[in-house]
Every structure is written in C-alpha cells, then in structure tokens.
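Only one structure is covered here, and it is reproduced in the block below.
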Amino acid sequence: MSIQPITSSPIPPISEINSTQKPTASGSTQQIAKSFEDMLSTLNQSQQNSDNLVEQLARGENVDLHTVMIGLEENNVNFNVALGIRDKLVEAYREVMRMQV
C-alpha cells in the first residue's frame with residue numbers, strides 16, 4: 001500500500017470549483033414526477049381491479065363476496081392516501097407561493 005504525499009495546496013483552485021457541474025432541480029423534479037406517475041398508475045390499477053370484481057359479482061360469476069369487499073376497501077384506502085398526498089402537495093405549493101422573495 002502506497003502512502004500519498006501531503007500536498008501544499010489541499011484546496012482546489014477557484015477555476016476548478018467553478019468548472020464542476022452543479023446539481024440541477026430538473027433531476028429531482030423528474031424523480032418526483034416519476035413517483036407520482038407510479039402512484040397514480042397503482043391507484044388506477046386498484047380501481048380497475050375492484051371494478052372487475054364488482055362486475056363479476058353482478059354477472060353472477062363465481063366470485064367470493066369477501067374478495068370483492070376486500071378489493072373495494074383496498075381501493076378506498078389507496079384513494080384516500082392519494083387524496084392526502086394531493087392535499088399536502090397543494091398546501092406545500094401554497095406555502096411556497098406565500099414566501100417573500
């Protein structure tokens with residue numbers, strides 16, 4: 001294992017600091033957008049699943065009533081979570097808009 005010598009200037013020059021890329025907000029915005037897209041996709045899938053179970057029950061197909069009720073309640077919980085997230089986002093947006101620049 002080699003030992004690195006101590007350099008006289010441990011701080012990089014200002015030109016090197018300015019040349020580095022700074023993180024942009026667009027990357028984090030894209031991650032947030034992807035998260036919301038995934039959440040809404042899951043909510044939509046849950047809604048379609050519960051709708052299919054109700055339709056099968058209404059047509060008289062062999063569907064357990066407990067399965068239908070559990071599917072409906074899962075969809076209800078998912079929907080309420082999505083509404084809660086939306087409300088928090090709207091509240092955060094309003095708080096940012098109230099900030100003085």
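Starting from 1 in every chain, residues are counted up; chains themselves are A, B, ... following the order of the structure tokens, and ligands are numbered from 1 as listed.
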| Surrounding residues of Ser46 of chain A excluding itself and chain neighbours under 4 positions, 10 Å, only C-alpha atoms, as a PyMOL selection string | chain A and resi 40-42+50-52+71-72+74-76+78-79
Just C-alpha atoms for this one: save the residues we selected as a compact mmCIF listing (two decimals), in the first residue's frame.
```txt
# COMPACT_ATOMS: atom_id res chain seq x y z
CA LEU A 40 -51.38 7.14 -9.93
CA SER A 41 -50.77 4.08 -12.06
CA THR A 42 -51.09 1.85 -8.99
CA SER A 50 -62.15 -3.57 -7.85
CA ASP A 51 -64.42 -2.65 -10.78
CA ASN A 52 -63.76 -6.04 -12.40
CA GLY A 71 -60.82 -5.25 -3.11
CA LEU A 72 -63.21 -2.34 -2.63
CA GLU A 74 -58.15 -1.64 -0.61
CA ASN A 75 -59.17 0.72 -3.40
CA ASN A 76 -60.80 3.05 -0.88
CA ASN A 78 -55.44 3.78 -1.82
CA PHE A 79 -57.72 6.58 -2.96
```
| message | Just to confirm, what's the straight-line distance from atom CA of Gly84 of chain A to atom CA of Glu37 of chain A in Å (one decimal)? | response |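 Going from atom CA of Gly84 of chain A over to atom CA of Glu37 of chain A covers 15.8 Å.
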| query | Do you have the atom CA of Glu73 of chain A-atom CA of Ser35 of chain A distance handy? | reply |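 Here the two named atoms are 23.1 Å from each other.
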| field | From A:Val90, A:Val101, A:Val81, A:Leu57, residue lying nearest Met69 of chain A [only C-alpha atoms] | value |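 Checking each candidate against Met69 of chain A, we get A:Leu57 as the closest.
Taking atom CA of Val77 of chain A as the reference point, atom CA of Glu55 of chain A is found at 20.2 Å.
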